[in-house]
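**Q** This is data-v6.cif (mmCIF, C-alpha atoms and all ligand atoms).
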```cif
data_work
#
loop_
_atom_site.label_atom_id
_atom_site.label_comp_id
_atom_site.auth_asym_id
_atom_site.auth_seq_id
_atom_site.Cartn_x
_atom_site.Cartn_y
_atom_site.Cartn_z
CA MET A 1 -119.89 -137.34 -158.09
CA ILE A 2 -118.27 -140.75 -158.00
CA THR A 3 -118.45 -142.81 -161.19
CA PHE A 4 -117.51 -146.46 -161.26
CA PRO A 5 -115.64 -148.05 -164.16
CA GLU A 6 -117.37 -150.67 -166.29
CA ASP A 7 -117.08 -154.15 -164.81
CA LYS A 8 -114.95 -155.68 -167.56
CA PRO A 9 -111.24 -156.12 -168.18
CA ARG A 10 -109.61 -153.08 -169.74
CA LYS A 11 -106.62 -152.72 -172.04
CA PRO A 12 -103.83 -151.34 -169.87
CA LYS A 13 -102.46 -147.99 -170.94
CA LYS A 14 -98.74 -148.29 -170.58
CA GLU A 15 -97.02 -144.97 -170.67
CA PRO A 16 -94.21 -143.89 -168.37
CA HIS A 17 -94.55 -140.44 -166.78
CA TYR A 18 -92.37 -140.79 -163.68
CA PHE A 19 -88.64 -141.23 -164.10
CA PHE A 20 -85.73 -141.71 -161.74
CA ILE A 21 -82.34 -140.87 -163.24
CA TYR A 22 -79.05 -141.50 -161.47
CA GLY A 23 -75.43 -141.26 -162.49
CA LEU A 24 -72.08 -139.73 -161.63
CA PRO A 25 -71.65 -135.96 -161.72
CA MET A 26 -71.32 -134.79 -165.33
CA SER A 27 -72.64 -138.04 -166.79
CA GLY A 28 -75.53 -136.24 -168.50
CA LYS A 29 -78.44 -136.47 -166.04
CA THR A 30 -79.59 -132.85 -166.35
CA PHE A 31 -78.69 -132.85 -170.06
CA PHE A 32 -80.96 -135.84 -170.76
CA ALA A 33 -83.81 -134.53 -168.60
CA SER A 34 -83.61 -131.11 -170.26
CA TYR A 35 -84.90 -132.54 -173.57
CA PHE A 36 -88.22 -133.65 -172.08
CA PRO A 37 -91.19 -131.56 -173.26
CA HIS A 38 -91.52 -128.17 -171.56
CA ALA A 39 -89.09 -129.06 -168.80
CA LEU A 40 -88.53 -127.02 -165.66
CA ASP A 41 -85.50 -127.90 -163.54
CA LEU A 42 -86.00 -127.35 -159.80
CA ASN A 43 -82.43 -127.57 -158.64
CA THR A 44 -80.30 -127.51 -155.56
CA ASP A 45 -76.95 -126.72 -157.14
CA ASN A 46 -76.55 -123.93 -159.64
CA ASN A 47 -75.34 -126.27 -162.37
CA ALA A 48 -78.46 -125.79 -164.43
CA LYS A 49 -77.19 -122.26 -165.15
CA GLN A 50 -74.87 -123.96 -167.62
CA SER A 51 -77.67 -125.96 -169.16
CA ARG A 52 -80.34 -125.17 -171.76
CA VAL A 53 -83.19 -126.01 -169.41
CA PRO A 54 -85.24 -123.26 -167.68
CA PHE A 55 -84.55 -123.62 -163.97
CA MET A 56 -85.40 -122.39 -160.50
CA SER A 57 -83.25 -122.83 -157.45
CA LEU A 58 -84.90 -124.42 -154.44
CA VAL A 59 -82.23 -123.31 -152.01
CA THR A 60 -81.52 -119.76 -153.12
CA ASP A 61 -84.16 -117.15 -153.84
CA GLU A 62 -84.58 -114.73 -156.75
CA ASN A 63 -81.99 -112.41 -155.10
CA ASP A 64 -79.49 -115.27 -154.73
CA LYS A 65 -80.01 -115.30 -150.94
CA PRO A 66 -80.19 -118.67 -149.14
CA VAL A 67 -83.77 -119.86 -148.61
CA LYS A 68 -84.65 -120.73 -145.02
CA ASP A 69 -88.04 -122.24 -145.74
CA VAL A 70 -87.18 -124.72 -148.51
CA ILE A 71 -90.31 -126.77 -147.70
CA GLY A 72 -92.46 -123.66 -148.14
CA ARG A 73 -90.68 -122.62 -151.33
CA MET A 74 -91.19 -126.06 -152.89
CA ASP A 75 -94.85 -125.94 -151.94
CA GLU A 76 -95.32 -122.48 -153.42
CA ILE A 77 -93.60 -123.44 -156.68
CA LEU A 78 -95.69 -126.62 -157.07
CA LYS A 79 -98.93 -124.75 -156.42
CA ARG A 80 -98.13 -122.33 -159.25
CA ILE A 81 -97.04 -124.91 -161.84
CA PRO A 82 -100.57 -125.67 -163.11
CA GLN A 83 -100.80 -122.02 -164.19
CA THR A 84 -97.65 -122.31 -166.31
CA SER A 85 -96.95 -124.17 -169.55
CA PHE A 86 -94.36 -126.51 -167.99
CA LYS A 87 -95.09 -130.17 -168.63
CA THR A 88 -92.04 -131.88 -167.10
CA ILE A 89 -90.82 -131.17 -163.58
CA ILE A 90 -87.25 -132.15 -162.75
CA ILE A 91 -86.20 -132.49 -159.10
CA ASP A 92 -82.43 -132.05 -159.35
CA THR A 93 -81.24 -133.57 -156.99
CA ILE A 94 -83.65 -135.40 -154.73
CA GLU A 95 -81.02 -136.27 -152.10
CA ASP A 96 -80.25 -132.57 -151.71
CA VAL A 97 -83.97 -131.89 -151.28
CA VAL A 98 -84.12 -134.59 -148.59
CA ASP A 99 -81.10 -133.00 -146.88
CA ALA A 100 -82.62 -129.52 -147.03
CA PHE A 101 -85.94 -130.81 -145.62
CA THR A 102 -84.06 -132.70 -142.89
CA LYS A 103 -82.11 -129.58 -141.96
CA GLN A 104 -85.26 -127.49 -141.78
CA VAL A 105 -87.21 -130.04 -139.68
CA THR A 106 -84.21 -130.32 -137.30
CA GLU A 107 -83.77 -126.55 -136.98
CA GLU A 108 -87.45 -125.87 -136.50
CA ALA A 109 -87.53 -128.43 -133.68
CA GLY A 110 -84.55 -126.64 -132.12
CA GLU A 111 -82.44 -129.79 -132.26
CA LYS A 112 -78.94 -130.42 -133.61
CA TYR A 113 -79.58 -133.75 -135.33
CA ILE A 114 -82.68 -135.37 -136.81
CA THR A 115 -82.38 -138.14 -134.21
CA ASP A 116 -82.02 -135.83 -131.17
CA GLY A 117 -84.45 -134.95 -128.37
CA LYS A 118 -87.95 -134.28 -129.66
CA LEU A 119 -87.07 -135.92 -132.97
CA ALA A 120 -85.72 -139.16 -131.48
CA TYR A 121 -87.13 -142.66 -132.02
CA GLY A 122 -87.70 -142.10 -135.73
CA LYS A 123 -90.00 -139.12 -135.24
CA GLY A 124 -87.79 -136.69 -137.16
CA THR A 125 -87.11 -139.12 -139.99
CA GLY A 126 -90.82 -139.93 -140.10
CA MET A 127 -91.57 -136.23 -140.60
CA VAL A 128 -89.11 -135.98 -143.49
CA LYS A 129 -90.50 -139.17 -145.05
CA LYS A 130 -94.01 -137.72 -144.84
CA LEU A 131 -92.83 -134.53 -146.57
CA ILE A 132 -91.26 -136.58 -149.35
CA SER A 133 -94.32 -138.78 -149.87
CA ASP A 134 -96.52 -135.67 -149.90
CA LEU A 135 -94.21 -134.23 -152.56
CA VAL A 136 -94.56 -137.41 -154.65
CA LEU A 137 -98.36 -137.31 -154.34
CA GLU A 138 -98.58 -133.61 -155.10
CA LEU A 139 -96.53 -134.04 -158.28
CA LYS A 140 -98.56 -137.11 -159.27
CA ALA A 141 -101.79 -135.16 -158.98
CA MET A 142 -100.55 -132.74 -161.68
CA GLN A 143 -100.68 -133.50 -165.37
CA VAL A 144 -96.88 -133.45 -165.71
CA ASN A 145 -93.97 -135.81 -166.24
CA VAL A 146 -91.72 -135.98 -163.21
CA ILE A 147 -87.99 -136.66 -163.30
CA TRP A 148 -86.20 -137.34 -160.03
CA ILE A 149 -82.44 -136.94 -160.32
CA SER A 150 -79.86 -138.45 -157.99
CA ARG A 151 -76.09 -138.77 -158.04
CA GLU A 152 -74.65 -142.25 -157.84
CA ILE A 153 -72.24 -143.63 -155.29
CA GLU A 154 -70.22 -146.79 -154.94
CA GLN A 155 -71.36 -148.88 -152.00
CA SER A 156 -68.88 -151.37 -150.67
CA ASP A 157 -69.74 -154.48 -148.77
CA ILE A 158 -66.69 -154.92 -146.58
CA ALA A 159 -67.72 -158.43 -145.53
CA ASN A 160 -67.87 -159.71 -149.12
CA GLY A 161 -65.23 -157.41 -150.55
CA THR A 162 -67.68 -156.37 -153.29
CA THR A 163 -68.90 -152.97 -154.45
CA LYS A 164 -72.02 -151.91 -156.23
CA ILE A 165 -73.27 -148.69 -157.78
CA VAL A 166 -76.35 -147.22 -156.13
CA PRO A 167 -78.17 -143.87 -156.15
CA ALA A 168 -76.91 -141.51 -153.44
CA LEU A 169 -80.51 -141.16 -152.24
CA LYS A 170 -80.85 -143.23 -149.06
CA PRO A 171 -82.87 -146.47 -149.44
CA GLN A 172 -85.78 -145.35 -147.26
CA TYR A 173 -86.37 -142.41 -149.61
CA TYR A 174 -85.40 -144.27 -152.77
CA ASN A 175 -88.13 -146.81 -152.00
CA ILE A 176 -90.79 -144.11 -151.69
CA ILE A 177 -89.73 -142.40 -154.90
CA ALA A 178 -88.74 -145.28 -157.15
CA GLY A 179 -91.84 -147.13 -155.92
CA ASN A 180 -93.80 -144.36 -157.58
CA CYS A 181 -91.70 -144.26 -160.76
CA ASP A 182 -92.19 -146.09 -164.06
CA LEU A 183 -88.57 -146.12 -165.14
CA VAL A 184 -85.15 -145.99 -163.52
CA ILE A 185 -82.42 -144.81 -165.89
CA ARG A 186 -78.68 -144.70 -165.27
CA THR A 187 -76.44 -142.25 -167.11
CA GLN A 188 -72.75 -142.84 -167.74
CA LYS A 189 -69.95 -140.94 -169.46
CA LEU A 190 -67.84 -143.54 -171.23
CA GLY A 191 -65.36 -141.34 -173.05
CA PRO A 192 -64.56 -137.70 -173.81
CA ASN A 193 -67.67 -137.39 -175.98
CA THR A 194 -69.46 -140.65 -175.33
CA TYR A 195 -72.53 -140.69 -173.16
CA TYR A 196 -74.51 -143.83 -172.37
CA ARG A 197 -77.92 -144.34 -170.82
CA SER A 198 -79.52 -147.56 -169.70
CA ALA A 199 -83.00 -148.48 -168.48
CA GLU A 200 -82.28 -150.26 -165.19
CA GLU A 201 -85.83 -150.83 -163.94
CA LYS A 202 -89.14 -150.76 -165.83
CA ARG A 203 -92.69 -150.89 -164.54
CA SER A 204 -93.86 -152.65 -167.72
CA ASN A 205 -92.31 -154.05 -170.85
CA TYR A 206 -92.86 -150.95 -172.91
CA THR A 207 -92.78 -150.86 -176.68
CA PRO A 208 -92.21 -147.65 -178.66
CA GLU A 209 -95.93 -147.64 -179.59
CA ASP A 210 -96.83 -147.23 -175.92
CA ILE A 211 -95.17 -143.82 -175.83
CA THR A 212 -97.53 -141.28 -177.36
CA ASP A 213 -95.22 -138.27 -177.06
CA SER A 214 -92.71 -138.51 -179.91
CA THR A 215 -90.05 -136.48 -178.08
CA ILE A 216 -90.18 -138.81 -175.07
CA ARG A 217 -90.22 -141.85 -177.38
CA GLN A 218 -87.01 -140.66 -179.07
CA LEU A 219 -85.37 -139.92 -175.75
CA LEU A 220 -86.26 -143.37 -174.43
CA GLU A 221 -85.05 -145.01 -177.65
CA SER A 222 -81.61 -143.65 -176.79
CA CYS A 223 -81.62 -145.70 -173.56
CA HIS A 224 -80.02 -149.12 -173.79
CA GLY A 225 -82.43 -151.93 -172.82
CA MET A 226 -85.50 -149.70 -172.87
CA PHE A 227 -87.35 -151.49 -175.65
CA PRO A 228 -87.03 -155.13 -176.69
CA PRO A 229 -84.58 -155.29 -179.64
CA GLN A 230 -87.03 -157.12 -181.95
CA THR A 231 -89.62 -154.34 -181.51
CA LYS A 232 -87.09 -151.83 -182.74
CA ASN A 233 -86.24 -153.97 -185.77
CA GLU A 234 -89.90 -154.52 -186.59
CA GLU A 235 -90.47 -150.80 -186.38
CA LYS A 236 -87.53 -150.14 -188.68
CA LYS A 237 -88.89 -152.65 -191.21
CA GLU A 238 -92.28 -151.01 -191.09
CA THR A 239 -90.92 -147.58 -191.80
CA LYS A 240 -88.82 -148.74 -194.78
N1 LIG A 301 -75.56 -137.07 -174.43
C1 LIG A 301 -74.76 -136.00 -174.39
N2 LIG A 301 -74.21 -135.53 -175.53
C2 LIG A 301 -73.40 -134.45 -175.52
N3 LIG A 301 -73.04 -133.78 -174.40
C3 LIG A 301 -73.53 -134.20 -173.24
C4 LIG A 301 -74.42 -135.34 -173.17
N4 LIG A 301 -74.74 -135.53 -171.87
C5 LIG A 301 -74.08 -134.56 -171.18
N5 LIG A 301 -73.36 -133.77 -171.98
C6 LIG A 301 -72.54 -132.63 -171.55
O1 LIG A 301 -71.84 -133.01 -170.38
C7 LIG A 301 -71.85 -131.97 -169.41
C8 LIG A 301 -72.40 -132.48 -168.10
O2 LIG A 301 -73.74 -132.92 -168.26
P1 LIG A 301 -74.84 -132.69 -167.16
O3 LIG A 301 -76.12 -133.16 -167.72
O4 LIG A 301 -74.80 -131.30 -166.64
O5 LIG A 301 -74.33 -133.70 -166.04
P2 LIG A 301 -74.98 -134.12 -164.63
O6 LIG A 301 -76.32 -133.47 -164.54
O7 LIG A 301 -75.06 -135.61 -164.71
O8 LIG A 301 -74.02 -133.67 -163.60
C9 LIG A 301 -72.69 -130.84 -169.99
O9 LIG A 301 -71.83 -129.83 -170.44
C10 LIG A 301 -73.43 -131.46 -171.14
O10 LIG A 301 -73.60 -130.55 -172.19
MG MG A 302 -76.95 -132.00 -163.17
#
```
Rewrite the coordinates I just gave you, this time as structure tokens.
**A**
Amino acid sequence: MITFPEDKPRKPKKEPHYFFIYGLPMSGKTFFASYFPHALDLNTDNNAKQSRVPFMSLVTDENDKPVKDVIGRMDEILKRIPQTSFKTIIIDTIEDVVDAFTKQVTEEAGEKYITDGKLAYGKGTGMVKKLISDLVLELKAMQVNVIWISREIEQSDIANGTTKIVPALKPQYYNIIAGNCDLVIRTQKLGPNTYYRSAEEKRSNYTPEDITDSTIRQLLESCHGMFPPQTKNEEKKETK
């Protein structure tokens, strides 16, 4: 049955659940994500083997054989998650997932490239985009935190002679995913044992009180620019 909300302004509930993390290889993306509550890392490289986080490979199966139907495997995993105790799903990395989906769509159409023959005029790319937006919606429908991980690359503008750091995920997919995220965080390794994280984009101006999960609050407090500095000071005063 459909129920309508009361016709009066409501107090917005500001709590981030969808995160996009990008950074260079070995800058601490998986490390940071692994501390989220009950995290499961769905990965495309086998790097998570060296991490503390429970993981599943999307591209190799339980016998270490390459998976042909990556789209089907992702679907099967997501369908089973509600029956597990995992509360944070990490997609590590999203550009590899896009590449695997693109490869599968191309192969299944019997073409060489996503822009060839039957897939020309944006049809192939449209199919991959649809798969990615379905993935976003499917994850959003679950009661879980979602962390999308991407490597970063340097993009140079030859005309201006400038460079900027961007996620390796192509803009058309970045827009779908980041458009559905609450926070974009960049990880950096500044020295042999110095790791740095910064909140690059925020859906709202969050304060620590908005974050009900204390583990997530602590993790976000370690991100530069996440909370306004005065809020942090006030909080410190209060706890004295
Ligand atoms: N904040 C941190 N403090 C200590 N060690 C870290 C931190 N972030 C990353 N590391 C270490 O750096 C290595 C690479 O981190 P990882 O998260 O796997 O990188 P990425 O996923 O960005 O490629 C790991 O061995 C990890 O233990
Ligand atoms: Mg990693």
**Q** Which residues of chain A come within 6 Å of ligand LIG 301 (chain A), and what is each one's closest atom pair and distance in Å (one decimal), counting only C-alpha atoms and all ligand atoms, sorted by chain and residue number, as a Markdown table?
**A**
```
| residue | atom | partner | partner_atom | distance |
| --- | --- | --- | --- | --- |
| A:Leu24 | CA | A:LIG301 | O7 | 5.9 |
| A:Pro25 | CA | A:LIG301 | O8 | 3.8 |
| A:Met26 | CA | A:LIG301 | O5 | 3.3 |
| A:Ser27 | CA | A:LIG301 | O7 | 4.0 |
| A:Gly28 | CA | A:LIG301 | O3 | 3.2 |
| A:Lys29 | CA | A:LIG301 | O7 | 3.7 |
| A:Thr30 | CA | A:LIG301 | O3 | 3.7 |
| A:Phe31 | CA | A:LIG301 | O3 | 3.5 |
| A:Tyr195 | CA | A:LIG301 | N1 | 4.9 |
```
**Q** Calculate how many Å separate CA of Ile21 (chain A) from CA of Thr162 (chain A), rounding to one decimal.
**A**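 Between CA of Ile21 (chain A) and CA of Thr162 (chain A) the gap is 23.5 Å.
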**Q** Compute the set of protein, DNA and RNA residues whose minimum atom distance to ligand MG 302 (chain A) is at most 10 Å, using all atoms listed in the file, and state it as number ranges by chain.
**A** A: 22-34, 41, 43-51, 92-93, 149-151
**Q** Taking into account all atoms listed in the file, which residue in the set A:Lys202, A:His17, A:Arg52, A:Arg73 is nearest to Tyr35 (chain A)?
**A** A:Arg52
**Q** Quick one: of A:Ile90, A:Ile81, A:Ile216, A:Ile132, who's nearest to Tyr173 (chain A), counting all atoms listed in the file?
**A** A:Ile132
**Q** Would you list the contacts of Ser85 (chain A) as number ranges by chain, taking every protein, DNA or RNA residue within 12 Å and counting only C-alpha atoms, but skipping same-chain residues closer than 5 positions in sequence?
**A** A: 37-40, 54, 80, 143-144
**Q** Select, from A:Met56, A:Ile153, A:Ile89, A:Arg203, the residue with the minimum atom-to-atom distance to Ile165 (chain A), counting only C-alpha atoms.
**A**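 That would be A:Ile153, the residue with the smallest distance to Ile165 (chain A).
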**Q** What is the distance, in Å and to one decimal place, between CA of Arg10 (chain A) and CA of Glu221 (chain A)?
**A** 27.0 Å
**Q** Applying 12 Å and all atoms listed in the file, which residues near Lys118 (chain A) remain after dropping the ones on its own chain fewer than 4 positions away? List them as a PyMOL selection string.
**A** chain A and resi 105-114+122-125+127
**Q** Pick from A:Asn205, A:Asn180, A:Asn63, A:Gln172: nearest to Gly126 (chain A), with only C-alpha atoms counted?
**A**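 Using only C-alpha atoms, Gly126 (chain A) sits closest to A:Gln172.
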**Q** So, with all atoms listed in the file as the atoms that count, which of A:Leu183, A:Cys223, A:Leu42, A:Ile176 lies closest to Val59 (chain A)?
**A**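 Smallest separation from Val59 (chain A) among the options: A:Leu42.
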**Q** Show me, as AutoDock Vina command-line options, the centre and edge lengths in Å to one decimal of the axis-aligned box that covers every listed atom of region 112-125 of chain A with 3 Å on each side.
**A**
```
--center_x -84.5 --center_y -136.5 --center_z -134.2 --size_x 17.1 --size_y 18.2 --size_z 17.6
```
